[in-house]
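Take a look at the structure set out below.
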Amino acid sequence: MVLGSAIALTPGLAIGNPLQEKKDLFTSELILDFVFAAHKSLETTKKILEEHPLLLNCTSQFTKGDFETAVGGASHMGRKDIATYLVSKGARLDIFNLAFLGFDDIVKQMITEHPHLLYAPGPHGFNLLHHAQVGKHAELVAWLQSKGLKKARFEGVFG
(Lines give C-alpha, C1' and ligand atoms only; values in the text may rest on other atoms or scores of the structure.)
Protein backbone atom coordinates (compact mmCIF):
# COMPACT_ATOMS: atom_id res chain seq x y z
CA MET A 1 0.00 0.00 0.00
CA VAL A 2 2.78 2.44 0.91
CA LEU A 3 4.72 1.63 -2.26
CA GLY A 4 1.61 2.15 -4.41
CA SER A 5 1.00 5.53 -2.79
CA ALA A 6 4.61 6.58 -3.35
CA ILE A 7 4.41 5.68 -7.03
CA ALA A 8 1.09 7.50 -7.42
CA LEU A 9 2.57 10.66 -5.86
CA THR A 10 5.88 10.47 -7.74
CA PRO A 11 5.32 8.62 -11.03
CA GLY A 12 8.83 9.55 -12.16
CA LEU A 13 10.16 6.91 -9.75
CA ALA A 14 8.30 4.18 -11.60
CA ILE A 15 8.96 5.21 -15.20
CA GLY A 16 12.13 7.27 -14.89
CA ASN A 17 12.42 10.96 -15.61
CA PRO A 18 12.92 11.61 -19.35
CA LEU A 19 13.78 15.24 -18.57
CA GLN A 20 16.70 14.23 -16.36
CA GLU A 21 18.74 13.35 -19.46
CA LYS A 22 18.09 16.80 -20.94
CA LYS A 23 19.80 18.78 -18.17
CA ASP A 24 23.20 18.98 -19.86
CA LEU A 25 23.89 22.44 -21.22
CA PHE A 26 24.86 23.16 -24.81
CA THR A 27 28.33 24.58 -25.29
CA SER A 28 28.58 28.20 -26.34
CA GLU A 29 30.43 26.98 -29.45
CA LEU A 30 27.50 24.79 -30.54
CA ILE A 31 25.02 27.61 -29.96
CA LEU A 32 27.23 30.00 -31.93
CA ASP A 33 27.57 27.47 -34.78
CA PHE A 34 23.79 27.17 -34.97
CA VAL A 35 23.17 30.92 -34.85
CA PHE A 36 25.87 31.54 -37.48
CA ALA A 37 24.42 28.81 -39.72
CA ALA A 38 21.04 30.56 -39.60
CA HIS A 39 22.68 33.68 -41.05
CA LYS A 40 23.52 31.94 -44.32
CA SER A 41 22.61 28.27 -44.81
CA LEU A 42 19.19 26.66 -44.60
CA GLU A 43 20.73 23.21 -45.14
CA THR A 44 23.22 23.57 -42.26
CA THR A 45 20.57 25.13 -40.02
CA LYS A 46 18.25 22.17 -40.61
CA LYS A 47 21.05 19.64 -40.05
CA ILE A 48 22.07 21.16 -36.72
CA LEU A 49 18.48 21.58 -35.52
CA GLU A 50 17.57 17.99 -36.45
CA GLU A 51 20.51 16.79 -34.37
CA HIS A 52 19.84 19.20 -31.47
CA PRO A 53 16.18 20.33 -31.52
CA LEU A 54 16.46 22.13 -28.17
CA LEU A 55 18.89 24.64 -29.73
CA LEU A 56 15.93 26.34 -31.45
CA ASN A 57 15.57 29.21 -29.00
CA CYS A 58 19.10 29.32 -27.60
CA THR A 59 20.81 32.68 -27.64
CA SER A 60 24.43 33.45 -28.38
CA GLN A 61 26.22 36.45 -26.95
CA PHE A 62 28.40 37.68 -29.80
CA THR A 63 29.92 40.54 -27.81
CA LYS A 64 29.07 41.95 -24.39
CA GLY A 65 25.29 42.43 -24.30
CA ASP A 66 24.82 41.53 -27.99
CA PHE A 67 22.43 38.57 -27.80
CA GLU A 68 21.13 36.79 -30.87
CA THR A 69 18.96 33.79 -31.68
CA ALA A 70 19.05 31.83 -34.92
CA VAL A 71 15.80 33.44 -36.10
CA GLY A 72 17.30 36.81 -35.19
CA GLY A 73 20.34 36.14 -37.36
CA ALA A 74 18.20 34.98 -40.26
CA SER A 75 16.04 38.08 -39.89
CA HIS A 76 18.73 40.74 -39.99
CA MET A 77 20.43 38.93 -42.88
CA GLY A 78 17.21 38.92 -44.93
CA ARG A 79 16.91 35.13 -45.01
CA LYS A 80 13.14 34.56 -45.11
CA ASP A 81 13.64 30.91 -46.03
CA ILE A 82 15.59 30.25 -42.84
CA ALA A 83 13.41 32.46 -40.63
CA THR A 84 10.24 30.80 -41.93
CA TYR A 85 11.71 27.36 -41.32
CA LEU A 86 12.68 28.27 -37.76
CA VAL A 87 9.25 29.76 -37.05
CA SER A 88 7.65 26.56 -38.39
CA LYS A 89 9.66 24.70 -35.75
CA GLY A 90 8.46 27.01 -32.96
CA ALA A 91 11.09 29.76 -32.82
CA ARG A 92 10.11 32.61 -30.50
CA LEU A 93 9.64 35.92 -32.26
CA ASP A 94 10.55 39.39 -31.08
CA ILE A 95 9.69 42.82 -32.49
CA PHE A 96 12.66 42.72 -34.90
CA ASN A 97 11.63 39.35 -36.38
CA LEU A 98 8.07 40.62 -36.64
CA ALA A 99 9.26 43.70 -38.57
CA PHE A 100 11.31 41.51 -40.91
CA LEU A 101 8.47 39.05 -41.52
CA GLY A 102 5.92 41.79 -42.24
CA PHE A 103 3.72 41.79 -39.15
CA ASP A 104 3.32 45.55 -39.56
CA ASP A 105 0.18 45.91 -37.44
CA ILE A 106 1.76 44.15 -34.47
CA VAL A 107 4.95 46.22 -34.71
CA LYS A 108 2.96 49.46 -34.97
CA GLN A 109 0.78 48.53 -32.00
CA MET A 110 3.79 47.64 -29.88
CA ILE A 111 5.50 50.95 -30.68
CA THR A 112 2.30 52.92 -30.14
CA GLU A 113 1.89 51.38 -26.69
CA HIS A 114 5.63 51.42 -25.87
CA PRO A 115 7.24 54.29 -27.85
CA HIS A 116 10.73 53.57 -26.48
CA LEU A 117 10.79 50.39 -28.61
CA LEU A 118 11.26 52.56 -31.71
CA TYR A 119 14.88 53.06 -30.66
CA ALA A 120 15.55 49.58 -29.28
CA PRO A 121 18.72 48.02 -30.69
CA GLY A 122 18.45 44.54 -32.14
CA PRO A 123 21.34 42.12 -32.66
CA HIS A 124 24.56 43.94 -33.61
CA GLY A 125 22.73 47.27 -33.36
CA PHE A 126 20.44 46.56 -36.33
CA ASN A 127 17.13 48.24 -35.52
CA LEU A 128 13.53 47.99 -36.67
CA LEU A 129 14.17 50.11 -39.75
CA HIS A 130 16.87 47.69 -40.93
CA HIS A 131 14.61 44.69 -40.36
CA ALA A 132 11.70 46.26 -42.23
CA GLN A 133 14.04 47.23 -45.09
CA VAL A 134 15.61 43.78 -45.54
CA GLY A 135 12.13 42.27 -45.28
CA LYS A 136 11.03 44.62 -48.10
CA HIS A 137 8.09 46.10 -46.19
CA ALA A 138 7.93 49.59 -47.68
CA GLU A 139 4.85 50.69 -45.73
CA LEU A 140 6.45 49.79 -42.40
CA VAL A 141 9.72 51.44 -43.46
CA ALA A 142 7.85 54.68 -44.23
CA TRP A 143 5.92 54.50 -40.95
CA LEU A 144 9.09 53.96 -38.88
CA GLN A 145 10.76 56.88 -40.65
CA SER A 146 7.71 59.07 -40.02
CA LYS A 147 8.10 58.29 -36.32
CA GLY A 148 11.70 59.53 -36.41
CA LEU A 149 13.77 56.41 -37.05
CA LYS A 150 16.20 57.54 -39.77
CA LYS A 151 19.20 55.19 -39.50
CA ALA A 152 19.01 51.43 -39.96
CA ARG A 153 21.74 50.65 -37.42
CA PHE A 154 22.81 52.12 -34.12
CA GLU A 155 26.61 52.31 -34.35
CA GLY A 156 28.73 51.62 -31.29
CA VAL A 157 25.91 50.12 -29.26
CA PHE A 158 27.72 46.85 -28.51
CA GLY A 159 31.32 47.76 -28.00
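Note on naming: chains are A, B, ... as they come in the C-alpha coordinates, residues start from 1 per chain, ligands start from 1 in the order shown.
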
(message) Please identify the strand (DSSP E) residues within range 58-147 of chain A (assignment by DSSP from backbone atoms) and present them as a count of residues only.
(response) 6

(message) Just checking: using only C-alpha atoms, which residue out of A:Ile31, A:Leu140, A:Ile82, A:His131 ends up closest to Ile106 in chain A?
(response) A:Leu140

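What separates CA of Ser28 in chain A from CA of Cys58 in chain A is a distance of 9.6 Å.
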
(message) My list of candidates is A:Ala74, A:Leu56, A:Ile95, A:Leu101. Which is closest to Gly135 in chain A when distances are computed with only C-alpha atoms?
(response) A:Leu101

(request) Check range 14-151 of chain A with DSSP on the backbone and list each residue it calls helix (DSSP H, G or I), as a PyMOL selection string. (result) chain A and resi 14-15+20-23+28-40+42-51+53-55+70-76+80-88+95-101+104-113+115-119+123-125+128-134+138-146

(request) Work out how far apart CA of Gly72 in chain A and CA of Ser146 in chain A are and give it in Å to one decimal. (result) 24.7 Å

(request) Using only C-alpha atoms, determine which residues lie at most 10 Å from Glu139 in chain A, disregarding the query and same-chain residues fewer than 6 positions distant; provide the list as a list in words. (result)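 In the requested form, the answer reads Gly102, Asp104, Ala132, Gln133 and Gln145 of chain A.
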
(message) I'd like the neighbourhood of Thr84 in chain A as a ChimeraX atom specification, where a residue qualifies if any of its atoms comes within 12 Å (using only C-alpha atoms), though same-chain residues fewer than 3 positions away should be ignored.
(response) /A:38,42,45-46,70-72,74-75,78-81,87-93,97-98,100-102

(request) Could you check which of A:Phe103, A:Tyr119, A:Phe126, A:Phe158 is closest to Gly73 in chain A, using only C-alpha atoms? (result)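 Of the candidates, the smallest distance to Gly73 in chain A is held by A:Phe126.
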
(request) For each of A:Phe154, A:Phe62, A:Phe36, A:Tyr85, take the minimum atom-to-atom distance to Leu118 in chain A, counting only C-alpha atoms, then give the residue where this is smallest. (result) A:Phe154

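Shortest atom-to-atom contact with Leu128 in chain A among A:Lys40, A:Lys64, A:His116, A:Arg153: A:Arg153, counting only C-alpha atoms.
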